[in-house]
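A.B. asks: Here it is, the structure, as structure tokens.
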Amino acid sequence: MAKELTPFAHAVRNLRRRPSRAAILVVSIGLLVAVFVFALSFVRRVDSSIRRTSERLGADLLVVPTGSRGAAEDVLLDHRVKTFYMDRSIVERVKAIPGIERVTTQTYLATITGACCDVPESIVVAFDPATDFVVRPWLGGKGARTLGKGEAFVGSESALNITLGMTQVDGILFGNVFKMVGVLEKTGTGLDTAIFIDEEGLAGILRGGKANVRPGTISVIFAKVAQGFDPVRVAGEIEDSIIEADAVARRDVGQGMMRALGDISRMFLVTFTLAALLAALLAWAVFSGIANERGREVGLMRAMGARESHVMKLFALEVLIIGALGSAFGILAGTALSLGLARGFAILRNVSTDLGAIERIGVGAAGLAVGIAVCMVGAVAPIRRTGRIEPLAVLKGD
Amino acid sequence: MPRLVAEAVTKTYGLNGTRLRAVDEVSFQVERGEFVSIIGHSGSGKTTFLSMLGGLSRPTSGRVLFDGTDVYGLGGDALSRYRCDSVGFVFQFASLLPALTAWENVLLPAGFRESRLSVDEAEAKALELLALVGLRDRADAYPSQLSGGQQRRVAIARAFMNDPPLLLADEPTGDLDEETEAEVMKVFRTMNERSGTTFVLVTHDTELARQAGRRMRMHRGSMREV
């Protein structure tokens with residue numbers, strides 16, 4: 001004997017009567033949701049990478065040489081190997097700006113494989129352990145560990161770390177031998193691929209003369225702003241007072257990339273809206289066909305006492321099943337696309353972070369809601385029409 | 001109080017710009033437990049009249065009263081409740097849902113009731129009704145796997161699922177052989193005697209009509225007792 005006749009079981013049976021028609025609608029909804037999940041994953045991944053980076057830097061302000069803001073963001077957000085320098089005397093001028101509480105500096109050197117160094121092309125970051133508040137938190141449990149003479153840390157994704165697979169190895173940087181004594185925690189910033197030395201190590205490199213950096217220069221000043229001061233205003237003060245420097249408040253880090261992302265999002269939105277319209281029209285056409293085909297059956301059910309709500313519920317369940325199946329297929333396909341095609345997009349190739357499990361679940365849930373909603377919107381008119389079919393239809397015969 | 005009353009019921013249709021009176025001021029009443037047949041030629045208005053009694057088609061004028069309640073004075077859901085709880089309908093055409101088995105087709109009206117039987121009770125009752133029409137062993141067959149006569153018997157079993165006090169049958173034995181026709185009529189009589197179900201049977205078969213307690217004849221939309 002068959003199982004209990006629930007409205008859900010009835011709806012499934014109805015869909016099985018024309019499996020190819022149901023499958024076409026499932027695939028259409030699936031493709032729409034795949035586009036949605038892919039686009040949302042793309043945008044969320046870039047967006048969350050930028051936000052995490054600005055949060056993990058631990059500074060309220062970044063001060064860089066005038067005109068180097070883009071290059072600094074390329075290094076911090078995009079793993080690019082770029083260098084830019086300003087005179088160290090700017091540090092004191094920044095400290096003198098009202099609202100500045102603490103500052104620390106970093107100097108960036110670019111390695112050239114084979115010419116100076118035995119590591120693949122990457123950024124070498126020289127920081128000042130005495131004032132540092134950026135790199136120290138990335139040491140995790142090794143927080144107390146300081147760098148000795150000729151020692152270096154490597155970022156979590158540093159080519160050196162990945163190539164050698166372990167620490168306590170030697171690397172040649174600008175003709176000087178450094179022992180890699182620790183790996184920093186993953187930060188989600190572009191500096192995950194860098195090598196970190198202290199100012200003393202930098203001085204040794206400069207003495208050797210193999211690095212193309214003038215003594216007395218730095219690349220970036222990280223500043224903390226005192227409580228009660230607005231970082232954006234302080235940044236403005238710095239730019240007004242120090243013509244050789246650009247200042248960027250933390251919340252403005254990555255604004256250029258965010259603007260580009262906004263354009264990409266709008267492009268996705270237009271494409272998705274058109275695709276959603278197409279899918280809704282297809283759902284309308286399919287369910288209009290179903291409603292026409294089943295007019296007599298609906299009339300029969302109404303003659304047996306089915307209320308409008310019974311009939312609409314049955315059709316709505318069919319829509320829900322198709323929407324849910326299509327969405328599930330789309331979520332899988334969209335996630336696979338976002339993972340598989342990530343390397344094909346320059347903007348994603350260099351983005352430091354992937355989406356976390358919770359974000360992936362959120363994107364999936366949004367995909368499910370969108371797939372079902374589009375299917376429902378398309379089918380709502382035919383469903384309402386079936387609900388209004390009069391029982392007399394059954395008497396009209398075959 | 002009579003079970004069912006039709007008061008000057010009229011139904012007109014528009015046809016090629018003129019009004020056709022399919023049923024013309026028919027008054028009629030049926031007592032509780034009565035078995036009435038309505039005979040007439042095709043196009044005499046029998047089916048239209050039956051559909052008005054069953055709450056399927058609103059009369060152009062006149063009233064239909066069931067246990068004193070004006071059926072067409074009821075709102076949408078209350079009218080559905082009338083069709084669900086008070087009326088069993090056997091249609092003259094094949095009327096099974098193709099996606100459901102015979103057993104599920106019989107079970108279907110139980111799902112529309114507000115005061116439902118338990119699942120087990122409903123399932124057992126559906127099987128019992130299939131046994132009553134001789135199709136217990138075909139319970140899992142789909143309509144496409146049943147003959148026309150078998151489908152008709154399943155539809156008859158379904159009409160009794162909600163224990164309706166009134167059963168309206170439109171040519172219920174139209175495509176049945178003589179033996180099956182006799183079995184169906186036996187089922188009707190059994191339900192009429194055992195449960196006190198009121199029957200209104202529409203047919204063009206005079207022999208079948210004779211088996212009813214009272215016979216009416218419809219001709220060109222008018223009705224008289226035979």
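We label chains A, B, ... in the order they appear in the structure tokens, count residues from 1 in each chain, and number ligands from 1 in the order shown.
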Can you write out as JSON lines which residues of chain A fall within 6 Å of chain B, alongside each residue's closest atom pair and its distance in Å to one decimal, counting only C-alpha atoms and ordering rows by chain and ascending residue number?
C.D. replies:
```
{"residue": "A:Arg13", "atom": "CA", "partner": "B:Ala99", "partner_atom": "CA", "distance": 5.8}
{"residue": "A:Asn14", "atom": "CA", "partner": "B:Ala99", "partner_atom": "CA", "distance": 5.9}
{"residue": "A:Met304", "atom": "CA", "partner": "B:Cys84", "partner_atom": "CA", "distance": 5.5}
{"residue": "A:Gly305", "atom": "CA", "partner": "B:Cys84", "partner_atom": "CA", "distance": 3.8}
{"residue": "A:Ala306", "atom": "CA", "partner": "B:Phe112", "partner_atom": "CA", "distance": 5.3}
{"residue": "A:Arg307", "atom": "CA", "partner": "B:Ser80", "partner_atom": "CA", "distance": 5.7}
{"residue": "A:Pro391", "atom": "CA", "partner": "B:Leu56", "partner_atom": "CA", "distance": 5.6}
{"residue": "A:Leu392", "atom": "CA", "partner": "B:Leu56", "partner_atom": "CA", "distance": 5.4}
{"residue": "A:Gly397", "atom": "CA", "partner": "B:Phe93", "partner_atom": "CA", "distance": 5.9}
```
A.B. asks: Would you output that residue set with all heavy atoms, as a PDB file, in the first residue's frame?
C.D. replies:
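The result, written out as part_32.pdb:
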```
ATOM      1  N   ARG A  13       3.901  13.838  -6.943  1.00  0.00           N
ATOM      2  CA  ARG A  13       3.335  12.980  -7.995  1.00  0.00           C
ATOM      3  C   ARG A  13       2.961  13.805  -9.227  1.00  0.00           C
ATOM      4  O   ARG A  13       3.178  13.400 -10.356  1.00  0.00           O
ATOM      5  CB  ARG A  13       2.065  12.286  -7.511  1.00  0.00           C
ATOM      6  CG  ARG A  13       2.261  11.404  -6.336  1.00  0.00           C
ATOM      7  CD  ARG A  13       2.726  10.008  -6.761  1.00  0.00           C
ATOM      8  NE  ARG A  13       2.618   9.174  -5.601  1.00  0.00           N
ATOM      9  CZ  ARG A  13       1.503   8.574  -5.248  1.00  0.00           C
ATOM     10  NH1 ARG A  13       0.438   8.639  -6.008  1.00  0.00           N
ATOM     11  NH2 ARG A  13       1.461   7.865  -4.157  1.00  0.00           N
ATOM     12  N   ASN A  14       2.363  14.958  -8.982  1.00  0.00           N
ATOM     13  CA  ASN A  14       1.965  15.810 -10.108  1.00  0.00           C
ATOM     14  C   ASN A  14       3.176  16.223 -10.937  1.00  0.00           C
ATOM     15  O   ASN A  14       3.130  16.217 -12.167  1.00  0.00           O
ATOM     16  CB  ASN A  14       1.246  17.058  -9.595  1.00  0.00           C
ATOM     17  CG  ASN A  14      -0.221  16.780  -9.305  1.00  0.00           C
ATOM     18  OD1 ASN A  14      -0.793  15.827  -9.836  1.00  0.00           O
ATOM     19  ND2 ASN A  14      -0.823  17.575  -8.451  1.00  0.00           N
ATOM     20  N   MET A 304     -15.405  18.118  -5.098  1.00  0.00           N
ATOM     21  CA  MET A 304     -15.347  17.192  -3.954  1.00  0.00           C
ATOM     22  C   MET A 304     -15.233  17.951  -2.635  1.00  0.00           C
ATOM     23  O   MET A 304     -15.149  17.336  -1.585  1.00  0.00           O
ATOM     24  CB  MET A 304     -14.143  16.262  -4.105  1.00  0.00           C
ATOM     25  CG  MET A 304     -14.374  15.160  -5.127  1.00  0.00           C
ATOM     26  SD  MET A 304     -13.070  13.942  -5.050  1.00  0.00           S
ATOM     27  CE  MET A 304     -11.787  14.750  -5.931  1.00  0.00           C
ATOM     28  N   GLY A 305     -15.156  19.280  -2.715  1.00  0.00           N
ATOM     29  CA  GLY A 305     -15.129  20.057  -1.476  1.00  0.00           C
ATOM     30  C   GLY A 305     -13.824  20.762  -1.188  1.00  0.00           C
ATOM     31  O   GLY A 305     -13.684  21.371  -0.127  1.00  0.00           O
ATOM     32  N   ALA A 306     -12.851  20.670  -2.120  1.00  0.00           N
ATOM     33  CA  ALA A 306     -11.583  21.379  -1.885  1.00  0.00           C
ATOM     34  C   ALA A 306     -11.843  22.880  -1.910  1.00  0.00           C
ATOM     35  O   ALA A 306     -12.553  23.376  -2.785  1.00  0.00           O
ATOM     36  CB  ALA A 306     -10.580  21.016  -2.962  1.00  0.00           C
ATOM     37  N   ARG A 307     -11.288  23.577  -0.939  1.00  0.00           N
ATOM     38  CA  ARG A 307     -11.421  25.032  -0.923  1.00  0.00           C
ATOM     39  C   ARG A 307     -10.345  25.624  -1.829  1.00  0.00           C
ATOM     40  O   ARG A 307      -9.391  24.940  -2.210  1.00  0.00           O
ATOM     41  CB  ARG A 307     -11.271  25.552   0.507  1.00  0.00           C
ATOM     42  CG  ARG A 307     -12.426  25.132   1.390  1.00  0.00           C
ATOM     43  CD  ARG A 307     -12.432  25.914   2.698  1.00  0.00           C
ATOM     44  NE  ARG A 307     -11.286  25.602   3.531  1.00  0.00           N
ATOM     45  CZ  ARG A 307     -11.228  24.567   4.366  1.00  0.00           C
ATOM     46  NH1 ARG A 307     -12.269  23.742   4.470  1.00  0.00           N
ATOM     47  NH2 ARG A 307     -10.159  24.342   5.097  1.00  0.00           N
ATOM     48  N   PRO A 391     -15.976  24.560  -9.798  1.00  0.00           N
ATOM     49  CA  PRO A 391     -16.164  23.112  -9.866  1.00  0.00           C
ATOM     50  C   PRO A 391     -16.932  22.670 -11.099  1.00  0.00           C
ATOM     51  O   PRO A 391     -16.825  21.533 -11.524  1.00  0.00           O
ATOM     52  CB  PRO A 391     -16.941  22.786  -8.588  1.00  0.00           C
ATOM     53  CG  PRO A 391     -17.489  24.074  -8.112  1.00  0.00           C
ATOM     54  CD  PRO A 391     -16.566  25.130  -8.586  1.00  0.00           C
ATOM     55  N   LEU A 392     -17.673  23.603 -11.675  1.00  0.00           N
ATOM     56  CA  LEU A 392     -18.468  23.245 -12.856  1.00  0.00           C
ATOM     57  C   LEU A 392     -17.581  22.748 -13.998  1.00  0.00           C
ATOM     58  O   LEU A 392     -18.027  22.002 -14.858  1.00  0.00           O
ATOM     59  CB  LEU A 392     -19.270  24.471 -13.306  1.00  0.00           C
ATOM     60  CG  LEU A 392     -20.354  24.207 -14.335  1.00  0.00           C
ATOM     61  CD1 LEU A 392     -21.396  23.259 -13.769  1.00  0.00           C
ATOM     62  CD2 LEU A 392     -21.021  25.509 -14.753  1.00  0.00           C
ATOM     63  N   GLY A 397     -16.718  17.648 -19.274  1.00  0.00           N
ATOM     64  CA  GLY A 397     -16.290  16.436 -19.968  1.00  0.00           C
ATOM     65  C   GLY A 397     -14.906  16.537 -20.520  1.00  0.00           C
ATOM     66  O   GLY A 397     -14.190  17.488 -20.285  1.00  0.00           O
TER      67      GLY A 397
END
```
A.B. asks: Enumerate the residues of region 99-297 of chain A with a DSSP assignment of helix (DSSP H, G or I), computed from the backbone, and present them as a PyMOL selection string.
C.D. replies: chain A and resi 136-142+159-164+190-193+199-208+231-241+250-252+255-293+295-297
A.B. asks: Quick one: which region 201-228 of chain A residues come within 12 Å of region 146-155 of chain A, and what is the nearest atom pair for each with the distance in Å to one decimal, counting only C-alpha atoms, rows ordered by chain and ascending number, as a Markdown table?
C.D. replies:
```
| residue | atom | partner | partner_atom | distance |
| --- | --- | --- | --- | --- |
| A:Gly201 | CA | A:Gly150 | CA | 6.3 |
| A:Leu202 | CA | A:Gly150 | CA | 9.8 |
| A:Ala203 | CA | A:Gly150 | CA | 11.0 |
| A:Gly204 | CA | A:Gly150 | CA | 8.8 |
| A:Ile205 | CA | A:Gly150 | CA | 10.2 |
```
A.B. asks: Given the choices B:Thr206, B:Ser195, B:Gln211, B:Asn16, which gets closest to Ile39 (chain B) if the distance is worked out from only C-alpha atoms?
C.D. replies: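 Of the candidates, the smallest distance to Ile39 (chain B) is held by B:Thr206.
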A.B. asks: Out of region 5-220 of chain B, which residues get strand (DSSP E or B) from DSSP, as number ranges by chain?
C.D. replies: B: 5-15, 18-30, 35-39, 61-66, 69-70, 87-90, 166-170, 198-203, 214-219
